[in-house]
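Colleague: First the structure, which I've put down as structure tokens, then a few questions once you've had a look.
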Amino acid sequence: MGFTNLRLPEHVIASLYKDDLVVMDSIKNKAPVPAPAKTEAAPEKPLFLGNNLQHIVILVNDSNAVHVDDAALSFLTNIIQACKKNLGDVAIVNLAHHAFGYAELKAKLSPKYLLLFDIAPSSIQLPFTVPNYQLQQYDGCQFLFAGNMLSMIPDTQEAKLEKSKLWLSLKKMFNL
């Protein structure tokens with residue numbers, strides 16, 4: 001009798017594999033576990049554009065863009081570069097998609113400079129009002145309220161006047 005024809009009784013086999021024995025009938029009779037349902041939530045819009053490296057927060061209100069449209073982004077990029085900064089230094093927040101008060105903005109972004117385009121101080125729960133293009137210091141942050149950014153883009157005399165007011169204020173703000 002060779003080992004190939006050797007038949008062991010069931011109790012011997014069970015004693016050899018007492019900790020590792022699997023009964024196949026119980027597995028076959030179990031209902032398959034359904035995979036969890038995939039729920040696809042809408043992707044959340046990013047809080048801001050830029051890296052906020054120098055804590056310069058720019059607030060806009062544009063319901064048609066995630067952050068700003070192409071013309072506005074080009075305008076902002078030129079302004080930022082004129083101030084010897086780049087997009088990595090700023091955080092562009094679109095209040096149309098992220099309605100924040102100042103306290104929440106401060107907690108999330110720690111702004112040292114806050115540039116607001118066509119946004120009233122009361123809309124972010126600030127306790128003061130200030131005319132456009134006048135620098136205002138408050139709570140460790142320097143504020144600059146500006147007019148509508150899109151009105152500064154065209155090549156008109158009114159747009160040039162608004163841009164020059166903005167530039168003079170930005171020069172004071174960043175000591176240029």
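By order of appearance in the structure tokens: chains A, B, ..., then residues from 1 within every chain, and ligands from 1 in the order shown.
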May I have the residues within 9 Å of Leu76 in chain A as a PyMOL selection string, using only C-alpha atoms and disregarding those fewer than 5 positions away in the same chain?

Modeller: chain A and resi 71+81+87+149

Colleague: Using only all heavy atoms, please write the residues we just selected to a file, as an mmCIF file, in the first residue's frame.

Modeller:
data_model
loop_
_atom_site.group_PDB
_atom_site.id
_atom_site.type_symbol
_atom_site.label_atom_id
_atom_site.label_comp_id
_atom_site.auth_asym_id
_atom_site.auth_seq_id
_atom_site.Cartn_x
_atom_site.Cartn_y
_atom_site.Cartn_z
ATOM 1 N N ALA A 71 -11.088 87.038 -17.596
ATOM 2 C CA ALA A 71 -10.716 88.453 -17.698
ATOM 3 C C ALA A 71 -10.353 89.007 -16.324
ATOM 4 O O ALA A 71 -9.366 89.727 -16.170
ATOM 5 C CB ALA A 71 -11.851 89.261 -18.315
ATOM 6 N N GLN A 81 1.163 91.072 -9.688
ATOM 7 C CA GLN A 81 2.545 91.155 -10.161
ATOM 8 C C GLN A 81 3.092 92.569 -10.021
ATOM 9 O O GLN A 81 4.275 92.743 -9.706
ATOM 10 C CB GLN A 81 2.638 90.683 -11.610
ATOM 11 C CG GLN A 81 2.471 89.190 -11.739
ATOM 12 C CD GLN A 81 2.426 88.712 -13.180
ATOM 13 O OE1 GLN A 81 2.229 89.489 -14.105
ATOM 14 N NE2 GLN A 81 2.600 87.412 -13.373
ATOM 15 N N LEU A 87 0.400 84.675 -7.665
ATOM 16 C CA LEU A 87 -0.823 84.001 -7.230
ATOM 17 C C LEU A 87 -0.596 83.097 -6.028
ATOM 18 O O LEU A 87 -1.519 82.848 -5.262
ATOM 19 C CB LEU A 87 -1.429 83.194 -8.374
ATOM 20 C CG LEU A 87 -2.324 83.961 -9.332
ATOM 21 C CD1 LEU A 87 -2.777 83.076 -10.481
ATOM 22 C CD2 LEU A 87 -3.509 84.571 -8.637
ATOM 23 N N MET A 149 -14.563 95.263 -9.953
ATOM 24 C CA MET A 149 -13.364 94.911 -10.714
ATOM 25 C C MET A 149 -13.632 94.923 -12.217
ATOM 26 O O MET A 149 -12.794 95.375 -12.994
ATOM 27 C CB MET A 149 -12.872 93.523 -10.295
ATOM 28 C CG MET A 149 -11.623 93.107 -10.992
ATOM 29 S SD MET A 149 -11.004 91.448 -10.606
ATOM 30 C CE MET A 149 -12.051 90.800 -9.371
#

Colleague: Taking only C-alpha atoms into account, name the residue in A:Asn61, A:Met173, A:Ser123, A:Gln142 that is nearest to Gly101 in chain A.

Modeller: A:Ser123

Colleague: Closest to Pro121 in chain A among A:Leu170, A:Leu59, A:Leu176, A:Ala72, using only C-alpha atoms?

Modeller: A:Leu59

Colleague: Residues near Val90 in chain A, anyone? I mean within 10 Å using only C-alpha atoms, not counting same-chain ones fewer than 4 positions away, as a list in words.

Modeller: Phe48, Leu49, Gly50, Asn51, Asn52, Leu53, Gln54, His55, Ile56, Val57, Ile58, Ile80, Lys85, Asn86, Pro111, Tyr113 and Leu114 of chain A

Colleague: May I ask which of the residues A:Lys112, A:Lys172, A:Lys106, A:His67 is the closest one to Asp89 in chain A, counting only C-alpha atoms?

Modeller: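 Of A:Lys112, A:Lys172, A:Lys106, A:His67, the one nearest Asp89 in chain A, counting only C-alpha atoms, is A:Lys112.
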
Colleague: Would you mind listing what lies within 12 Å of Leu168 in chain A as a compact mmCIF listing (two decimals) with N, CA and C atoms, in the first residue's frame, with only C-alpha atoms counted and same-chain residues fewer than 3 positions away left out?

Modeller:
# COMPACT_ATOMS: atom_id res chain seq x y z
N ILE A 79 -2.32 92.99 -11.39
CA ILE A 79 -2.24 93.80 -10.16
C ILE A 79 -1.28 93.18 -9.16
N ALA A 82 2.25 93.58 -10.23
CA ALA A 82 2.70 94.96 -10.06
C ALA A 82 3.08 95.23 -8.60
N CYS A 83 2.46 94.50 -7.69
CA CYS A 83 2.78 94.63 -6.26
C CYS A 83 3.93 93.72 -5.85
N ASN A 132 -14.28 103.60 -0.49
CA ASN A 132 -13.39 102.84 -1.37
C ASN A 132 -12.03 103.51 -1.47
N TYR A 133 -11.02 102.68 -1.54
CA TYR A 133 -9.61 103.07 -1.75
C TYR A 133 -8.99 103.75 -0.54
N GLN A 134 -9.65 103.72 0.59
CA GLN A 134 -9.05 104.23 1.83
C GLN A 134 -8.63 103.04 2.66
N LEU A 135 -7.37 102.98 3.04
CA LEU A 135 -6.88 101.86 3.84
C LEU A 135 -7.48 101.93 5.25
N LEU A 144 -8.71 97.05 2.27
CA LEU A 144 -8.82 97.96 1.15
C LEU A 144 -10.07 97.58 0.37
N ALA A 146 -12.49 98.24 -2.77
CA ALA A 146 -12.37 98.78 -4.13
C ALA A 146 -13.71 98.64 -4.83
N LEU A 161 -9.24 105.71 -14.35
CA LEU A 161 -9.33 106.46 -13.10
C LEU A 161 -9.47 105.51 -11.91
N GLU A 162 -10.34 104.50 -12.04
CA GLU A 162 -10.53 103.52 -10.96
C GLU A 162 -9.24 102.73 -10.72
N LYS A 163 -8.57 102.32 -11.79
CA LYS A 163 -7.32 101.57 -11.65
C LYS A 163 -6.24 102.41 -10.98
N SER A 164 -6.19 103.70 -11.30
CA SER A 164 -5.17 104.55 -10.68
C SER A 164 -5.46 104.73 -9.19
N LYS A 165 -6.73 104.85 -8.80
CA LYS A 165 -7.08 104.92 -7.37
C LYS A 165 -6.67 103.63 -6.65
N LYS A 171 -0.09 100.69 -3.47
CA LYS A 171 1.28 101.14 -3.19
C LYS A 171 1.46 101.47 -1.72
N LYS A 172 0.47 102.12 -1.13
CA LYS A 172 0.53 102.42 0.32
C LYS A 172 0.44 101.13 1.13
N MET A 173 -0.46 100.27 0.74
CA MET A 173 -0.69 99.03 1.48
C MET A 173 0.57 98.17 1.56
N PHE A 174 1.27 98.03 0.42
CA PHE A 174 2.43 97.15 0.35
C PHE A 174 3.77 97.92 0.37
N ASN A 175 3.73 99.19 0.70
CA ASN A 175 4.94 100.02 0.78
C ASN A 175 5.79 99.92 -0.48
N LEU A 176 5.17 100.17 -1.61
CA LEU A 176 5.89 100.09 -2.90
C LEU A 176 6.39 101.46 -3.31

Colleague: Name the residues in contact with Leu150 in chain A at a cut-off of 10 Å, using only C-alpha atoms, excluding same-chain residues fewer than 4 positions from it; report them as a ChimeraX atom specification.

Modeller: /A:69,71-72,75,117-118,154,159

Colleague: Deliver the residues from the most recent selection as a file, using all heavy atoms, as an mmCIF file, in the first residue's frame.

Modeller:
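The resulting file, selection31.cif, is shown below:
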data_model
loop_
_atom_site.group_PDB
_atom_site.id
_atom_site.type_symbol
_atom_site.label_atom_id
_atom_site.label_comp_id
_atom_site.auth_asym_id
_atom_site.auth_seq_id
_atom_site.Cartn_x
_atom_site.Cartn_y
_atom_site.Cartn_z
ATOM 1 N N ASP A 69 -13.687 84.907 -13.374
ATOM 2 C CA ASP A 69 -13.612 84.552 -14.792
ATOM 3 C C ASP A 69 -12.224 84.894 -15.336
ATOM 4 O O ASP A 69 -11.388 85.472 -14.640
ATOM 5 C CB ASP A 69 -14.733 85.214 -15.595
ATOM 6 C CG ASP A 69 -14.622 86.729 -15.670
ATOM 7 O OD1 ASP A 69 -13.542 87.285 -15.399
ATOM 8 O OD2 ASP A 69 -15.627 87.363 -16.012
ATOM 9 N N ALA A 71 -11.088 87.038 -17.596
ATOM 10 C CA ALA A 71 -10.716 88.453 -17.698
ATOM 11 C C ALA A 71 -10.353 89.007 -16.324
ATOM 12 O O ALA A 71 -9.366 89.727 -16.170
ATOM 13 C CB ALA A 71 -11.851 89.261 -18.315
ATOM 14 N N ALA A 72 -11.137 88.659 -15.316
ATOM 15 C CA ALA A 72 -10.861 89.123 -13.955
ATOM 16 C C ALA A 72 -9.563 88.514 -13.419
ATOM 17 O O ALA A 72 -8.786 89.190 -12.739
ATOM 18 C CB ALA A 72 -12.034 88.796 -13.037
ATOM 19 N N PHE A 75 -6.704 90.368 -14.931
ATOM 20 C CA PHE A 75 -6.598 91.677 -14.278
ATOM 21 C C PHE A 75 -5.942 91.537 -12.905
ATOM 22 O O PHE A 75 -5.006 92.269 -12.570
ATOM 23 C CB PHE A 75 -7.995 92.296 -14.151
ATOM 24 C CG PHE A 75 -8.034 93.595 -13.415
ATOM 25 C CD1 PHE A 75 -7.616 94.773 -14.019
ATOM 26 C CD2 PHE A 75 -8.484 93.652 -12.110
ATOM 27 C CE1 PHE A 75 -7.651 95.978 -13.338
ATOM 28 C CE2 PHE A 75 -8.525 94.853 -11.417
ATOM 29 C CZ PHE A 75 -8.100 96.016 -12.035
ATOM 30 N N PHE A 117 -13.404 93.575 -3.609
ATOM 31 C CA PHE A 117 -13.908 94.218 -4.820
ATOM 32 C C PHE A 117 -15.427 94.240 -4.798
ATOM 33 O O PHE A 117 -16.069 93.185 -4.832
ATOM 34 C CB PHE A 117 -13.410 93.493 -6.073
ATOM 35 C CG PHE A 117 -11.973 93.773 -6.390
ATOM 36 C CD1 PHE A 117 -10.984 92.900 -5.994
ATOM 37 C CD2 PHE A 117 -11.626 94.928 -7.081
ATOM 38 C CE1 PHE A 117 -9.656 93.160 -6.283
ATOM 39 C CE2 PHE A 117 -10.298 95.198 -7.378
ATOM 40 C CZ PHE A 117 -9.315 94.317 -6.979
ATOM 41 N N ASP A 118 -15.978 95.454 -4.724
ATOM 42 C CA ASP A 118 -17.426 95.664 -4.777
ATOM 43 C C ASP A 118 -18.164 94.871 -3.696
ATOM 44 O O ASP A 118 -19.210 94.276 -3.949
ATOM 45 C CB ASP A 118 -17.956 95.315 -6.167
ATOM 46 C CG ASP A 118 -19.278 96.005 -6.467
ATOM 47 O OD1 ASP A 118 -19.538 97.070 -5.886
ATOM 48 O OD2 ASP A 118 -20.055 95.464 -7.278
ATOM 49 N N PRO A 154 -12.149 97.469 -18.875
ATOM 50 C CA PRO A 154 -12.174 98.097 -20.210
ATOM 51 C C PRO A 154 -11.144 99.232 -20.340
ATOM 52 O O PRO A 154 -10.663 99.768 -19.344
ATOM 53 C CB PRO A 154 -13.583 98.657 -20.335
ATOM 54 C CG PRO A 154 -14.365 98.095 -19.217
ATOM 55 C CD PRO A 154 -13.413 97.630 -18.181
ATOM 56 N N ALA A 159 -12.406 103.635 -16.324
ATOM 57 C CA ALA A 159 -11.670 102.465 -15.854
ATOM 58 C C ALA A 159 -10.252 102.836 -15.447
ATOM 59 O O ALA A 159 -9.747 102.375 -14.419
ATOM 60 C CB ALA A 159 -11.654 101.389 -16.933
#
